[in-house]
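Presented below is the structure to which this report refers.
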Amino acid sequence: MNSKKIKFSGSQGAKLSARIDEPDGGAKKGAVLFAHCFTCSKNLKAVGEISRTLTEEGMGVFRFDFTGLGESEGDFSDTNFSSNIEDLIAAAKYMEDEWESPRMLIGHSLGGAAVLQAAHKISSVEAVATIGAPCSPDHVTHLLLDKKEEIEANGEARVQLAGRHFTIKKQFLDDLKEQNMNRIIEGLSKPLLIFHSPVDQTVGIENAAHIYKLARHPKSFISLDDADHLLSNLEDAAYAGSVAAAWVKRYF
C-alpha cells in the first residue's frame, strides 16, 4: 500500500489535511472518499483499518480532516453541518483534478449523514455507505447536554466532547435545524449500504431503521453485532471495510 499526505483548500478557504491510501498498482477498482465522525479525525484507528482493508481489495481511499479538526486549519466554531458537506465537495473536486474521482462515499456517524447529502452533489459517485449514521444531523444536539440553553442565550458555549473542549455557536444549532434529511434520503438515487450496531449507545439502531425505510432500492443493511459506536475493536472496522468492498463490486 502506498500512502501520502496532502493539503487541499476546504469550503472556507482553510488548508485541510488529507491522506491518500492506494494499492501499489493504483486505485484500479475505484476511489473512495471517507467522512469521519463528529469531532473525530481521519487518523481514528477504525478509519485507518477500514482504509487498509479497502486498499487490500484494490480500492484507493481519500480521508481528510474537516475544517478546524485534526490536522486541518480553520476554526471549528465557524463550521457546521453544511460546511462539512461543502468540505466533502471540495475534497471530491481535488480528487477529480489531482488523483481519481470518487466512485463511492463512506461516512461514519455524522459523516454518514453528510455523505447522504453530498452524494446528490458529486456526479461521479456511484454508491454510498454509512456506518452508525444518525437519520438526522440534529441528533448531535443531545451531546451538548446542558449547554444548549447557554448557546441559545449567549450565542456560543464551550462544550466538552470526547474529552476535548470545543466552542459551539448558535449558527451550528440553527444549521442543524434547517436540514431536511428525510427528503434527502428519499431522493438518493444511488445504491446504499447501511452498517449499524444494534447495541450502539451513541446513535441508536432506530436511526438505521429509519434511513433504510426511506431509502429506495437497491439498499442493504449489515448488522455490526456487538460493535461500539467508534468501532474501537478493529476487527469490526476490518469487517465493515471488507463487506463494503465486496458489496460495491456489484455496482461499479
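Chain labels follow the order of the C-alpha cells: the first chain is A, the next B, and so on; residue numbering restarts at 1 in every chain, and ligands are counted from 1 in their shown order.
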Checklist entry - So which residues touch Gln171 in chain A within 9 Å, counting only C-alpha atoms, skipping near sequence neighbours fewer than 2 positions away, as a PyMOL selection string? => result chain A and resi 78-80+155-156+168-169+173-176
Checklist entry - Quick one: residues within 8 Å of range 193-200 of chain A, only C-alpha atoms counted, chain neighbours fewer than 3 positions away excluded, as a list in words? => result Val128, Ala129, Thr130, Ile131, Gly132, Ala133, Val203, Gly204, Ile205, Ala208, Tyr212, Lys219, Ser220, Phe221, Ile222, Ser223, Leu224, Asp225, Asp226, Ala227, Asp228, His229, Ala240 and Ala244 of chain A
Next on the checklist: Taking only range 11-234 of chain A into account, list the residues labelled alpha helix (DSSP H) by DSSP (computed from the backbone), as a VMD selection string.
Outcome noted: chain A and resid 45 to 56 81 to 98 110 to 118 148 to 154 170 to 177 181 to 186 205 to 214 234
Next on the checklist: Taking 5 positions as the minimum chain separation for residues in the same chain, which residues sit within 9 Å of Leu144 in chain A when counting only C-alpha atoms? Answer as a ChimeraX atom specification.
Outcome noted: /A:159-161,168
I need the chosen residues saved as a PDB file, in the first residue's frame, with N, CA, C and O atoms.
ATOM      1  N   VAL A 159     -18.014  23.440  25.070  1.00  0.00           N
ATOM      2  CA  VAL A 159     -18.609  22.126  25.273  1.00  0.00           C
ATOM      3  C   VAL A 159     -17.509  21.076  25.294  1.00  0.00           C
ATOM      4  O   VAL A 159     -16.586  21.122  24.472  1.00  0.00           O
ATOM      5  N   GLN A 160     -17.589  20.144  26.220  1.00  0.00           N
ATOM      6  CA  GLN A 160     -16.625  19.049  26.262  1.00  0.00           C
ATOM      7  C   GLN A 160     -17.184  17.860  25.507  1.00  0.00           C
ATOM      8  O   GLN A 160     -18.253  17.339  25.827  1.00  0.00           O
ATOM      9  N   LEU A 161     -16.445  17.414  24.490  1.00  0.00           N
ATOM     10  CA  LEU A 161     -16.844  16.277  23.667  1.00  0.00           C
ATOM     11  C   LEU A 161     -15.661  15.331  23.543  1.00  0.00           C
ATOM     12  O   LEU A 161     -14.590  15.744  23.110  1.00  0.00           O
ATOM     13  N   ILE A 168     -19.045  25.819  20.530  1.00  0.00           N
ATOM     14  CA  ILE A 168     -20.193  25.594  19.649  1.00  0.00           C
ATOM     15  C   ILE A 168     -21.007  26.880  19.605  1.00  0.00           C
ATOM     16  O   ILE A 168     -21.405  27.407  20.652  1.00  0.00           O
TER      17      ILE A 168
END
Checklist entry - Looking at A:Val32, A:Leu105, A:Ser17, A:Lys121, which one is nearest to Gly70 in chain A, with distances taken over only C-alpha atoms? => result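 Of the candidates, the smallest distance to Gly70 in chain A is held by A:Ser17.
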Next on the checklist: So that I can check the surroundings of Leu116 in chain A, please list as a PyMOL selection string every protein, DNA and RNA residue that reaches within 8 Å of it, counting only C-alpha atoms and ignoring chain neighbours fewer than 5 positions away.
Outcome noted: chain A and resi 128+184-185+188
How about saving the chosen residues, N, CA and C atoms kept, as an mmCIF file, in the first residue's frame?
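Final file, selection_37.cif:
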data_model
loop_
_atom_site.group_PDB
_atom_site.id
_atom_site.type_symbol
_atom_site.label_atom_id
_atom_site.label_comp_id
_atom_site.auth_asym_id
_atom_site.auth_seq_id
_atom_site.Cartn_x
_atom_site.Cartn_y
_atom_site.Cartn_z
ATOM 1 N N VAL A 128 -23.035 4.601 -1.975
ATOM 2 C CA VAL A 128 -22.871 5.268 -0.681
ATOM 3 C C VAL A 128 -22.967 4.232 0.432
ATOM 4 N N ILE A 184 -33.813 14.173 1.588
ATOM 5 C CA ILE A 184 -32.529 13.802 1.006
ATOM 6 C C ILE A 184 -32.415 12.283 0.855
ATOM 7 N N ILE A 185 -32.802 11.552 1.895
ATOM 8 C CA ILE A 185 -32.716 10.093 1.856
ATOM 9 C C ILE A 185 -33.679 9.523 0.819
ATOM 10 N N LEU A 188 -32.300 9.872 -2.712
ATOM 11 C CA LEU A 188 -31.000 9.295 -3.029
ATOM 12 C C LEU A 188 -31.162 8.245 -4.123
#
Item to check | Backbone DSSP call of strand (DSSP E) for range 4-98 of chain A, listed as a PyMOL selection string | outcome: chain A and resi 4-9+15-22+31-35+60-64
Checklist entry - Between A:Arg164, A:Lys177, A:Lys147, A:Arg63, which is the closest to Ser51 in chain A once you count only C-alpha atoms? => result A:Arg63
Checklist entry - How many Å separate CA of Gln201 in chain A from CA of Ala127 in chain A? => result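 Rounded to one decimal, the two atoms are 27.2 Å apart.
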